[in-house]
>>> print(open('data35.txt').read())   # compact mmCIF, C-alpha atoms
# COMPACT_ATOMS: atom_id res chain seq x y z
CA MET S 26 112.01 28.17 154.61
CA SER S 27 111.98 25.91 157.62
CA ALA S 28 109.45 23.18 158.22
CA THR S 29 108.57 25.09 161.37
CA GLY S 30 107.63 28.34 159.62
CA ARG S 31 109.97 31.15 158.64
CA GLY S 32 112.13 30.74 161.72
CA ARG S 33 114.55 28.04 162.84
CA PHE S 34 113.94 25.73 165.74
CA VAL S 35 117.04 24.29 167.43
CA THR S 36 116.78 22.00 170.44
CA LEU S 37 119.55 21.04 172.85
CA GLU S 38 119.34 17.64 174.47
CA GLY S 39 121.45 15.61 176.87
CA GLY S 40 121.74 14.44 180.44
CA GLU S 41 122.36 16.37 183.64
CA GLY S 42 125.48 18.53 183.62
CA ALA S 43 126.10 18.08 179.89
CA GLY S 44 126.53 21.83 179.44
CA LYS S 45 123.30 22.53 177.57
CA THR S 46 122.55 25.73 179.46
CA THR S 47 126.00 27.18 178.82
CA LEU S 48 125.79 26.22 175.17
CA ALA S 49 122.30 27.68 174.80
CA ARG S 50 123.47 30.98 176.21
CA SER S 51 126.57 31.27 174.03
CA LEU S 52 124.80 30.03 170.92
CA CYS S 53 122.06 32.61 171.33
CA ALA S 54 124.65 35.32 171.87
CA ARG S 55 126.32 34.39 168.57
CA LEU S 56 123.02 34.24 166.71
CA ALA S 57 121.99 37.62 168.09
CA ALA S 58 125.40 39.08 167.20
CA ALA S 59 124.87 37.84 163.65
CA GLY S 60 121.64 39.81 163.52
CA HIS S 61 119.12 37.02 164.05
CA PRO S 62 116.16 37.53 166.32
CA VAL S 63 116.57 34.68 168.80
CA LEU S 64 114.66 33.36 171.77
CA ARG S 65 116.34 31.15 174.36
CA THR S 66 113.94 28.98 176.27
CA ARG S 67 113.81 25.65 178.09
CA GLU S 68 111.49 22.84 179.04
CA PRO S 69 109.60 22.08 181.07
CA GLY S 70 108.58 25.73 181.27
CA GLY S 71 108.86 28.73 179.00
CA ALA S 72 105.25 29.92 179.33
CA PRO S 73 103.25 30.83 182.44
CA GLY S 74 101.22 27.63 182.61
CA ALA S 75 104.26 25.56 181.71
CA GLU S 76 106.29 27.11 184.53
CA ALA S 77 103.56 26.17 186.99
CA VAL S 78 103.76 22.57 185.77
CA ARG S 79 107.57 22.69 186.01
CA ALA S 80 107.30 23.62 189.67
CA LEU S 81 105.07 20.57 190.24
CA LEU S 82 107.49 18.29 188.43
CA LEU S 83 110.76 19.43 189.94
CA GLY S 84 109.48 20.08 193.43
CA ALA S 85 106.75 17.49 193.82
CA PRO S 86 104.48 17.92 196.87
CA ALA S 87 105.44 15.92 199.94
CA GLY S 88 104.71 12.25 199.51
CA VAL S 89 104.38 12.46 195.74
CA GLU S 90 106.61 10.36 193.52
CA TRP S 91 105.33 10.80 189.96
CA ASN S 92 105.37 7.65 187.88
CA PRO S 93 106.83 7.89 184.36
CA MET S 94 103.41 8.12 182.70
CA SER S 95 102.26 10.93 184.99
CA GLU S 96 105.56 12.71 184.38
CA ALA S 97 105.21 12.34 180.63
CA LEU S 98 101.64 13.66 180.74
CA LEU S 99 102.64 16.64 182.89
CA VAL S 100 105.65 17.45 180.72
CA SER S 101 103.42 17.22 177.66
CA ALA S 102 100.89 19.62 179.15
CA ALA S 103 103.70 22.08 179.79
CA ARG S 104 104.98 21.50 176.25
CA ARG S 105 101.58 22.23 174.74
CA GLU S 106 101.49 25.57 176.55
CA HIS S 107 105.11 26.34 175.67
CA VAL S 108 104.71 25.58 171.98
CA ALA S 109 101.45 27.47 171.63
CA ALA S 110 102.36 30.53 173.67
CA THR S 111 106.08 30.90 173.07
CA VAL S 112 107.78 28.74 170.45
CA ALA S 113 105.31 28.79 167.57
CA PRO S 114 104.72 32.58 167.62
CA MET S 115 108.47 33.24 167.48
CA LEU S 116 108.95 30.81 164.60
CA ARG S 117 106.01 32.30 162.72
CA ALA S 118 107.59 35.72 163.16
CA GLY S 119 110.77 34.43 161.51
CA GLY S 120 112.91 34.21 164.63
CA TRP S 121 115.22 31.54 165.93
CA VAL S 122 114.23 29.49 168.94
CA VAL S 123 116.93 27.69 170.92
CA CYS S 124 115.24 25.36 173.38
CA ASP S 125 116.95 23.47 176.20
CA ARG S 126 115.15 20.08 176.19
CA PHE S 127 112.18 19.07 174.06
CA THR S 128 110.47 15.82 173.03
CA ASP S 129 113.71 13.82 172.98
CA SER S 130 114.08 14.39 176.72
CA THR S 131 110.65 12.87 177.34
CA LEU S 132 111.59 9.88 175.22
CA ALA S 133 114.97 9.49 176.94
CA TYR S 134 113.92 10.06 180.56
CA GLN S 135 110.38 8.70 180.77
CA GLY S 136 110.14 6.59 177.63
CA ILE S 137 113.43 4.71 177.62
CA ALA S 138 115.18 5.15 181.00
CA GLY S 139 111.84 5.23 182.85
CA GLY S 140 110.37 2.29 180.94
CA LEU S 141 107.24 4.01 179.63
CA GLY S 142 108.03 3.00 176.06
CA ARG S 143 108.42 4.77 172.76
CA GLU S 144 104.85 4.60 171.51
CA ALA S 145 103.25 6.52 174.39
CA CYS S 146 105.95 9.19 174.09
CA GLU S 147 105.44 9.57 170.37
CA ARG S 148 101.68 9.92 170.78
CA LEU S 149 102.12 12.49 173.51
CA ALA S 150 104.68 14.36 171.43
CA ALA S 151 102.24 14.61 168.55
CA MET S 152 99.51 15.91 170.86
CA ALA S 153 101.74 18.39 172.65
CA THR S 154 103.57 19.83 169.65
CA GLY S 155 100.86 19.71 167.01
CA GLY S 156 103.51 18.21 164.73
CA LEU S 157 106.21 20.83 165.31
CA ARG S 158 109.64 19.24 165.05
CA PRO S 159 113.07 20.78 165.55
CA ASP S 160 115.04 21.76 162.46
CA LEU S 161 118.17 20.68 164.28
CA THR S 162 118.82 18.88 167.56
CA LEU S 163 122.19 19.14 169.24
CA VAL S 164 122.74 16.19 171.59
CA VAL S 165 125.40 17.16 174.10
CA ASP S 166 126.99 13.95 175.30
CA VAL S 167 129.12 13.55 178.42
CA PRO S 168 130.06 10.56 180.56
CA VAL S 169 127.57 10.16 183.38
CA ALA S 170 130.13 10.72 186.14
CA THR S 171 131.28 13.98 184.53
CA GLY S 172 127.73 15.25 184.13
CA LEU S 173 126.65 14.40 187.65
CA LEU S 174 129.79 15.96 189.12
CA ARG S 175 129.11 19.18 187.21
CA ALA S 176 125.49 19.18 188.35
CA ARG S 177 126.58 18.73 191.95
CA MET S 178 129.15 21.49 191.64
CA ARG S 179 126.37 23.78 190.42
CA GLY S 180 124.81 23.16 193.81
CA GLU S 181 121.54 22.05 192.27
CA GLN S 182 119.93 18.75 192.92
CA ASN S 183 116.44 18.20 191.63
CA ARG S 184 114.47 14.98 191.53
CA PHE S 185 115.97 13.92 188.22
CA GLU S 186 119.55 14.51 189.23
CA ALA S 187 118.97 12.45 192.37
CA ARG S 188 118.11 9.27 190.49
CA GLY S 189 121.38 7.41 190.56
CA VAL S 190 124.09 6.46 188.15
CA ALA S 191 122.34 3.48 186.53
CA PHE S 192 119.34 5.63 185.58
CA HIS S 193 121.56 8.34 184.12
CA GLY S 194 123.49 5.73 182.19
CA ARG S 195 120.23 4.65 180.57
CA VAL S 196 119.44 8.29 179.80
CA ARG S 197 122.80 8.79 178.12
CA ASP S 198 122.41 5.63 176.05
CA ALA S 199 118.89 6.72 175.11
CA PHE S 200 120.02 10.10 173.78
CA ARG S 201 122.77 8.47 171.73
CA ALA S 202 120.30 5.98 170.30
CA ILE S 203 117.81 8.74 169.45
CA ALA S 204 120.54 10.67 167.63
CA ALA S 205 121.74 7.58 165.79
CA ALA S 206 118.22 6.82 164.61
CA ASP S 207 117.59 10.32 163.26
CA PRO S 208 120.89 11.55 161.79
CA GLY S 209 119.14 14.03 159.51
CA ARG S 210 117.98 16.02 162.51
CA CYS S 211 120.47 15.22 165.27
CA VAL S 212 124.14 16.01 165.77
CA VAL S 213 126.03 14.65 168.77
CA LEU S 214 128.50 17.06 170.37
CA ASP S 215 131.28 16.06 172.75
CA GLY S 216 130.20 17.79 175.94
CA ALA S 217 133.42 16.80 177.72
CA ALA S 218 135.29 19.31 175.55
CA SER S 219 135.73 22.95 176.58
CA ALA S 220 132.71 25.24 176.42
CA GLU S 221 134.38 27.09 173.53
CA ALA S 222 134.94 23.89 171.58
CA VAL S 223 131.34 22.77 172.14
CA LEU S 224 130.12 26.15 170.89
CA GLU S 225 132.27 25.99 167.77
CA ALA S 226 131.06 22.46 167.05
CA ALA S 227 127.50 23.65 167.48
CA LEU S 228 128.03 26.59 165.12
CA ALA S 229 129.59 24.26 162.56
CA ALA S 230 126.52 22.03 162.80
CA LEU S 231 124.24 25.03 162.34
CA ARG S 232 126.11 26.10 159.22
CA ALA S 233 126.26 22.59 157.79
CA ARG S 234 122.67 21.62 158.56
CA LEU S 235 120.78 24.88 158.32
CA GLY S 236 122.67 26.49 155.48
CA ALA S 237 125.21 29.21 154.81
CA PRO S 238 122.69 32.07 154.41
CA LEU S 239 122.49 32.20 158.19
CA GLY S 240 125.35 34.68 158.14
CA LEU S 241 126.98 33.20 161.21
CA ARG S 242 130.25 34.84 162.09
CA LEU S 243 132.61 32.42 163.78
CA GLY S 244 134.86 33.59 166.56
CA PRO S 245 138.58 34.17 166.13
CA THR S 246 139.48 30.72 167.45
CA ALA S 247 137.89 29.16 164.37
CA GLY S 248 140.19 31.06 162.07
CA ASP S 249 137.56 32.14 159.60
CA ALA S 250 136.30 35.41 161.05
CA GLY S 251 135.33 38.25 158.72
CA MET J 103 83.82 -10.90 189.10
CA SER J 104 84.16 -7.44 187.69
CA ALA J 105 86.31 -6.48 184.74
CA THR J 106 88.06 -4.12 187.14
CA GLY J 107 89.14 -6.81 189.61
CA ARG J 108 87.13 -8.13 192.52
CA GLY J 109 85.59 -4.76 193.32
CA ARG J 110 83.05 -2.58 191.53
CA PHE J 111 83.84 0.72 189.90
CA VAL J 112 80.97 3.19 189.55
CA THR J 113 81.48 6.63 188.06
CA LEU J 114 79.13 9.61 188.28
CA GLU J 115 79.13 12.03 185.38
CA GLY J 116 77.27 15.20 184.45
CA GLY J 117 77.53 18.97 184.23
CA GLU J 118 77.90 21.57 186.96
CA GLY J 119 75.21 21.46 189.64
CA ALA J 120 73.80 18.14 188.46
CA GLY J 121 73.87 16.77 192.00
CA LYS J 122 76.71 14.29 191.57
CA THR J 123 78.32 15.10 194.90
CA THR J 124 75.09 14.63 196.84
CA LEU J 125 74.40 11.40 195.01
CA ALA J 126 77.93 10.10 195.60
CA ARG J 127 77.58 10.73 199.31
CA SER J 128 74.18 9.07 199.70
CA LEU J 129 75.08 6.18 197.42
CA CYS J 130 78.21 5.43 199.42
CA ALA J 131 76.24 5.61 202.65
CA ARG J 132 73.82 3.01 201.31
CA LEU J 133 76.59 0.76 200.06
CA ALA J 134 78.38 1.00 203.39
CA ALA J 135 75.16 0.29 205.26
CA ALA J 136 74.74 -2.83 203.13
CA GLY J 137 78.14 -3.99 204.32
CA HIS J 138 80.25 -3.14 201.28
CA PRO J 139 83.67 -1.58 201.70
CA VAL J 140 83.31 1.60 199.68
CA LEU J 141 85.57 4.48 198.73
CA ARG J 142 84.12 7.81 197.58
CA THR J 143 86.50 9.83 195.47
CA ARG J 144 86.45 12.43 192.72
CA GLU J 145 88.48 13.74 189.80
CA PRO J 146 90.59 15.58 189.18
CA GLY J 147 92.18 14.60 192.48
CA GLY J 148 91.92 11.69 194.85
CA ALA J 149 95.65 11.12 195.33
CA PRO J 150 98.37 13.51 196.54
CA GLY J 151 99.87 14.23 193.11
CA ALA J 152 96.43 14.40 191.56
CA GLU J 153 95.27 16.98 194.12
CA ALA J 154 98.27 19.15 193.25
CA VAL J 155 97.26 18.99 189.58
CA ARG J 156 93.64 19.78 190.52
CA ALA J 157 94.78 22.97 192.22
CA LEU J 158 96.59 23.98 189.02
CA LEU J 159 93.52 23.26 186.90
CA LEU J 160 90.84 24.91 189.01
CA GLY J 161 92.90 27.83 190.19
CA ALA J 162 95.22 28.47 187.28
CA PRO J 163 98.09 30.90 187.95
CA ALA J 164 97.47 34.52 186.98
CA GLY J 165 97.52 34.99 183.23
CA VAL J 166 97.11 31.29 182.47
CA GLU J 167 94.18 30.10 180.40
CA TRP J 168 94.77 26.41 179.70
CA ASN J 169 93.82 25.29 176.23
CA PRO J 170 91.72 22.10 175.93
CA MET J 171 94.73 19.94 175.04
CA SER J 172 96.73 21.16 178.03
CA GLU J 173 93.70 20.63 180.24
CA ALA J 174 93.21 17.11 178.95
CA LEU J 175 96.90 16.29 179.49
CA LEU J 176 96.84 17.68 183.03
CA VAL J 177 93.61 15.87 183.90
CA SER J 178 95.11 12.69 182.50
CA ALA J 179 98.24 13.07 184.62
CA ALA J 180 96.03 13.45 187.68
CA ARG J 181 93.99 10.44 186.55
CA ARG J 182 97.08 8.27 186.18
CA GLU J 183 98.04 9.07 189.78
CA HIS J 184 94.50 8.58 191.04
CA VAL J 185 94.01 5.23 189.35
CA ALA J 186 97.40 3.88 190.40
CA ALA J 187 97.40 5.12 193.99
CA THR J 188 93.73 5.03 194.95
CA VAL J 189 91.23 3.40 192.61
CA ALA J 190 93.04 0.26 191.48
CA PRO J 191 94.22 -0.79 194.97
CA MET J 192 90.66 -0.52 196.34
CA LEU J 193 89.24 -2.53 193.45
CA ARG J 194 91.93 -5.18 193.81
CA ALA J 195 91.02 -5.43 197.49
CA GLY J 196 87.43 -6.15 196.52
CA GLY J 197 85.96 -2.80 197.49
CA TRP J 198 83.57 -0.49 195.73
CA VAL J 199 84.81 2.77 194.29
CA VAL J 200 82.33 5.56 193.60
CA CYS J 201 84.08 8.27 191.63
CA ASP J 202 82.71 11.73 190.85
CA ARG J 203 83.92 12.35 187.25
CA PHE J 204 86.19 10.14 185.18
CA THR J 205 87.13 9.78 181.51
CA ASP J 206 83.67 10.78 180.26
CA SER J 207 84.16 14.24 181.76
CA THR J 208 87.36 14.69 179.78
CA LEU J 209 85.57 13.64 176.62
CA ALA J 210 82.58 15.91 177.33
CA TYR J 211 84.43 19.03 178.52
CA GLN J 212 87.68 19.02 176.55
CA GLY J 213 86.95 16.58 173.75
CA ILE J 214 83.48 17.60 172.63
CA ALA J 215 82.54 20.96 174.21
CA GLY J 216 86.15 22.18 174.05
CA GLY J 217 86.73 20.92 170.50
CA LEU J 218 89.75 18.71 171.19
CA GLY J 219 88.10 15.72 169.56
CA ARG J 220 87.33 12.16 170.54
CA GLU J 221 90.51 10.47 169.35
CA ALA J 222 92.92 12.43 171.52
CA CYS J 223 90.67 11.86 174.54
CA GLU J 224 90.47 8.14 173.92
CA ARG J 225 94.24 7.84 173.59
CA LEU J 226 94.77 9.81 176.76
CA ALA J 227 92.16 7.73 178.58
CA ALA J 228 93.99 4.55 177.63
CA MET J 229 97.29 5.97 178.86
CA ALA J 230 95.89 7.34 182.10
CA THR J 231 93.74 4.39 183.12
CA GLY J 232 95.81 1.50 181.82
CA GLY J 233 92.55 0.15 180.39
CA LEU J 234 90.48 0.41 183.56
CA ARG J 235 86.85 1.14 182.71
CA PRO J 236 83.87 1.74 184.98
CA ASP J 237 81.49 -1.16 185.57
CA LEU J 238 78.67 1.36 185.62
CA THR J 239 78.43 5.06 184.83
CA LEU J 240 75.54 7.13 186.15
CA VAL J 241 75.04 10.24 184.02
CA VAL J 242 73.14 12.77 186.08
CA ASP J 243 71.33 15.03 183.62
CA VAL J 244 69.85 18.43 184.43
CA PRO J 245 68.92 21.42 182.27
CA VAL J 246 71.84 23.81 182.06
CA ALA J 247 70.01 26.68 183.78
CA THR J 248 69.09 24.45 186.72
CA GLY J 249 72.62 23.19 187.11
CA LEU J 250 74.26 26.59 186.92
CA LEU J 251 71.76 28.04 189.39
CA ARG J 252 72.54 25.24 191.85
CA ALA J 253 76.27 25.77 191.38
CA ARG J 254 75.88 29.49 192.03
CA MET J 255 73.76 28.83 195.12
CA ARG J 256 76.56 26.63 196.43
CA GLY J 257 78.66 29.77 196.34
CA GLU J 258 81.33 28.12 194.22
CA GLN J 259 82.49 29.37 190.91
CA ASN J 260 85.51 27.73 189.38
CA ARG J 261 86.91 28.19 185.89
CA PHE J 262 84.60 25.57 184.42
CA GLU J 263 81.45 26.95 185.95
CA ALA J 264 82.33 30.40 184.63
CA ARG J 265 82.31 29.33 180.98
CA GLY J 266 78.87 30.41 179.90
CA VAL J 267 75.60 28.81 178.97
CA ALA J 268 76.50 27.80 175.42
CA PHE J 269 79.54 25.83 176.61
CA HIS J 270 77.52 24.08 179.29
CA GLY J 271 74.85 23.25 176.74
CA ARG J 272 77.49 21.49 174.67
CA VAL J 273 78.67 19.64 177.79
CA ARG J 274 75.16 18.43 178.55
CA ASP J 275 74.61 17.27 174.98
CA ALA J 276 77.98 15.53 175.07
CA PHE J 277 77.16 13.53 178.20
CA ARG J 278 73.82 12.47 176.72
CA ALA J 279 75.54 11.39 173.52
CA ILE J 280 78.20 9.44 175.43
CA ALA J 281 75.48 7.61 177.39
CA ALA J 282 73.47 6.90 174.27
CA ALA J 283 76.52 5.43 172.54
CA ASP J 284 77.39 3.09 175.42
CA PRO J 285 74.09 1.89 176.92
CA GLY J 286 75.69 -1.23 178.38
CA ARG J 287 77.76 0.91 180.73
CA CYS J 288 75.78 4.13 181.15
CA VAL J 289 72.46 4.97 182.76
CA VAL J 290 71.02 8.50 182.55
CA LEU J 291 69.36 9.74 185.74
CA ASP J 292 67.00 12.71 185.91
CA GLY J 293 68.97 15.11 188.08
CA ALA J 294 66.07 17.55 188.22
CA ALA J 295 64.20 15.12 190.49
CA SER J 296 64.57 15.19 194.28
CA ALA J 297 67.82 13.95 195.77
CA GLU J 298 65.90 10.98 197.20
CA ALA J 299 64.45 10.07 193.83
CA VAL J 300 67.88 10.33 192.16
CA LEU J 301 69.34 8.04 194.80
CA GLU J 302 66.58 5.46 194.37
CA ALA J 303 67.05 5.53 190.60
CA ALA J 304 70.78 5.06 191.09
CA LEU J 305 70.25 2.12 193.43
CA ALA J 306 67.85 0.57 190.95
CA ALA J 307 70.51 0.90 188.27
CA LEU J 308 73.09 -0.71 190.52
CA ARG J 309 70.81 -3.66 191.17
CA ALA J 310 69.84 -4.05 187.55
CA ARG J 311 73.31 -3.64 186.06
CA LEU J 312 75.59 -5.02 188.73
CA GLY J 313 73.44 -7.85 189.97
CA ALA J 314 71.23 -8.81 192.90
CA PRO J 315 74.02 -10.36 195.05
CA LEU J 316 74.97 -6.84 196.07
CA GLY J 317 72.56 -7.16 198.95
CA LEU J 318 71.41 -3.57 198.63
CA ARG J 319 68.67 -2.67 201.03
CA LEU J 320 66.41 -0.02 199.59
CA GLY J 321 65.05 2.69 201.83
CA PRO J 322 61.44 2.76 203.06
CA THR J 323 60.34 5.20 200.35
CA ALA J 324 60.97 2.53 197.73
CA GLY J 325 58.47 0.21 199.37
CA ASP J 326 60.57 -2.93 199.22
CA ALA J 327 62.64 -2.74 202.37
CA GLY J 328 63.46 -5.89 204.29
>>> encode(input="data35.txt", output="structure tokens")
Amino acid sequence: MSATGRGRFVTLEGGEGAGKTTLARSLCARLAAAGHPVLRTREPGGAPGAEAVRALLLGAPAGVEWNPMSEALLVSAARREHVAATVAPMLRAGGWVVCDRFTDSTLAYQGIAGGLGREACERLAAMATGGLRPDLTLVVDVPVATGLLRARMRGEQNRFEARGVAFHGRVRDAFRAIAAADPGRCVVLDGAASAEAVLEAALAALRARLGAPLGLRLGPTAGDAG
Amino acid sequence: MSATGRGRFVTLEGGEGAGKTTLARSLCARLAAAGHPVLRTREPGGAPGAEAVRALLLGAPAGVEWNPMSEALLVSAARREHVAATVAPMLRAGGWVVCDRFTDSTLAYQGIAGGLGREACERLAAMATGGLRPDLTLVVDVPVATGLLRARMRGEQNRFEARGVAFHGRVRDAFRAIAAADPGRCVVLDGAASAEAVLEAALAALRARLGAPLGLRLGPTAGDAG
């Protein structure tokens, strides 16, 4: 039994271009193939109200440059909607939820890199989540230059990606510090490795941290299929 | 010298149809006529980012029914923008700010009537305002039926106005309780009186609470012009 209900709540964290989206997709495919009901979602967003807030955050109206506190409040409003409408019901129903970004992103981006501070982020996290915490957080770590290059090659550039190398360096350091401070919940994965290697490392973390009864079947490259 | 800088910060609070907008307009006209630089503003809104959040709150996307915590977080994000971009600069410049709704509305609507509780609202208020508090709060009080009738006659019906008599009764009680608990800051005005009488009562409160040096000239109906 998970602290989050009968289901399992896994969050993926990391900077731009770390490969979280690719990992989320492949991880969910493996979980589904192993017979687990699984929901893939991401923040900000994942519920109708939360998606409306996401649009405000990523495509701010002309002339608007949100300050870190406003950003943290908006992200938290979206999170409250996402948890209540999407994440918590799935966990109560016994499913897995794999979520691309959660409270650690607020702490890394607004709290640490943005200078808002840890205390405000922790208070907002408590309000937005009602105390829900991930069972496992996979921090996908890549050098800043690698991540930004990947993000550019994707052809996307949102307000966060546009913030410059120094900011993203602070974000990377923040995620590593968050993981180091909470080793019972967080596992750092080497996002510079191949997508297959990142997936296998993630599956190994799921087995080690969330227990063998998950029935995860590893792919042939891991040598222990069947 | 005000606690809010060199200027004066006056907030108007109360339920739907209490007459806050009319009072704000006439009060600002009197302050301007007395030679004070004055800014009339209202929440949620009053800055570009805050107006974008207001649109989300009052005209929620189809299928979205914000819960009180999400509402309070969104309002607080708008407030952070409003205070930083609009209110604080005017106060620092020595002007008056007359603001239609502020933190007391969050406490009354989401905190008390909506059931979110006082503590969350107070924490959010501290985050959103950076500690800025009104020098004077005028709570315009009208019976719920009167207020809702006025709001309907205005032809407006937003999500808050549509919430039913019992909810608005809790809002009215909440505002009266807030005023009773903070008599050094709050003055309750009888919003069922004529607009002229409400204005004169407001001006009397400004003179009594914020001091004679304001140079306010009362209108002829008050009998002490000149």
>>> interface_residues(input="data35.txt", of="chain S", to="chain J", cutoff="12 Å", atoms="all atoms listed in the file", output="PyMOL selection string")
chain S and resi 72-82+84-110+141-142+144-155
>>> write_last_selection(input="data35.txt", atoms="C-alpha atoms", output="CSV table (one decimal), in the coordinates of the input")
chain,number,residue,atom,x,y,z
S,72,ALA,CA,105.2,29.9,179.3
S,73,PRO,CA,103.2,30.8,182.4
S,74,GLY,CA,101.2,27.6,182.6
S,75,ALA,CA,104.3,25.6,181.7
S,76,GLU,CA,106.3,27.1,184.5
S,77,ALA,CA,103.6,26.2,187.0
S,78,VAL,CA,103.8,22.6,185.8
S,79,ARG,CA,107.6,22.7,186.0
S,80,ALA,CA,107.3,23.6,189.7
S,81,LEU,CA,105.1,20.6,190.2
S,82,LEU,CA,107.5,18.3,188.4
S,84,GLY,CA,109.5,20.1,193.4
S,85,ALA,CA,106.8,17.5,193.8
S,86,PRO,CA,104.5,17.9,196.9
S,87,ALA,CA,105.4,15.9,199.9
S,88,GLY,CA,104.7,12.2,199.5
S,89,VAL,CA,104.4,12.5,195.7
S,90,GLU,CA,106.6,10.4,193.5
S,91,TRP,CA,105.3,10.8,190.0
S,92,ASN,CA,105.4,7.6,187.9
S,93,PRO,CA,106.8,7.9,184.4
S,94,MET,CA,103.4,8.1,182.7
S,95,SER,CA,102.3,10.9,185.0
S,96,GLU,CA,105.6,12.7,184.4
S,97,ALA,CA,105.2,12.3,180.6
S,98,LEU,CA,101.6,13.7,180.7
S,99,LEU,CA,102.6,16.6,182.9
S,100,VAL,CA,105.6,17.4,180.7
S,101,SER,CA,103.4,17.2,177.7
S,102,ALA,CA,100.9,19.6,179.2
S,103,ALA,CA,103.7,22.1,179.8
S,104,ARG,CA,105.0,21.5,176.2
S,105,ARG,CA,101.6,22.2,174.7
S,106,GLU,CA,101.5,25.6,176.6
S,107,HIS,CA,105.1,26.3,175.7
S,108,VAL,CA,104.7,25.6,172.0
S,109,ALA,CA,101.4,27.5,171.6
S,110,ALA,CA,102.4,30.5,173.7
S,141,LEU,CA,107.2,4.0,179.6
S,142,GLY,CA,108.0,3.0,176.1
S,144,GLU,CA,104.8,4.6,171.5
S,145,ALA,CA,103.2,6.5,174.4
S,146,CYS,CA,106.0,9.2,174.1
S,147,GLU,CA,105.4,9.6,170.4
S,148,ARG,CA,101.7,9.9,170.8
S,149,LEU,CA,102.1,12.5,173.5
S,150,ALA,CA,104.7,14.4,171.4
S,151,ALA,CA,102.2,14.6,168.6
S,152,MET,CA,99.5,15.9,170.9
S,153,ALA,CA,101.7,18.4,172.6
S,154,THR,CA,103.6,19.8,169.6
S,155,GLY,CA,100.9,19.7,167.0
>>> atom_distance(input="data35.txt", atom1="CA of Gly39 (chain S)", atom2="CA of Leu157 (chain S)")
19.8 Å
>>> atom_distance(input="data35.txt", atom1="CA of Ala206 (chain S)", atom2="CA of Arg158 (chain S)")
15.1 Å
>>> axis_aligned_box(input="data35.txt", around="region 161-174 of chain S", padding_each_side="8 Å", output="lines of an AutoDock Vina configuration file")
center_x = 124.7
center_y = 15.4
center_z = 176.7
size_x = 29.1
size_y = 26.5
size_z = 40.8
>>> atom_distance(input="data35.txt", atom1="CA of Ala310 (chain J)", atom2="CA of Arg287 (chain J)")
11.6 Å
>>> residues_around(input="data35.txt", residues="Val63 (chain S)", least_positions_apart="5", cutoff="9 Å", atoms="only C-alpha atoms", output="PyMOL selection string")
chain S and resi 53-54+56-57+115+120-123
>>> residues_around(input="data35.txt", residues="Ala304 (chain J)", least_positions_apart="4", cutoff="8 Å", atoms="only C-alpha atoms", output="short mmCIF file (atom, residue, chain, number, x, y, z; two decimals) with C-alpha atoms, in the coordinates of the input")
data_model
loop_
_atom_site.label_atom_id
_atom_site.label_comp_id
_atom_site.auth_asym_id
_atom_site.auth_seq_id
_atom_site.Cartn_x
_atom_site.Cartn_y
_atom_site.Cartn_z
CA LEU J 129 75.08 6.18 197.42
CA LEU J 240 75.54 7.13 186.15
CA LEU J 291 69.36 9.74 185.74
CA VAL J 300 67.88 10.33 192.16
CA LEU J 308 73.09 -0.71 190.52
#
>>> residues_around(input="data35.txt", residues="Thr143 (chain J)", least_positions_apart="3", cutoff="7 Å", atoms="all atoms listed in the file", output="list in words")
Gly148, Val200, Cys201 and Asp202 of chain J
>>> residues_around(input="data35.txt", residues="Ala210 (chain J)", least_positions_apart="5", cutoff="12 Å", atoms="all atoms listed in the file", output="NGL selection string")
:J and (115-117 or 170 or 174 or 203-205 or 215-220 or 223-224 or 241 or 269-281)
>>> closest_residue(input="data35.txt", among="J:Leu238, J:Leu160, J:Val267, J:Leu251", to="Val290 (chain J)", atoms="all atoms listed in the file")
J:Leu238
>>> closest_residue(input="data35.txt", among="J:Glu145, J:Asp284, J:Glu302, J:Asp292", to="Ser207 (chain J)", atoms="all atoms listed in the file")
J:Glu145
>>> residues_around(input="data35.txt", residues="Pro159 (chain S)", least_positions_apart="5", cutoff="8 Å", atoms="only C-alpha atoms", output="NGL selection string")
:S and (29 or 33-36 or 210)
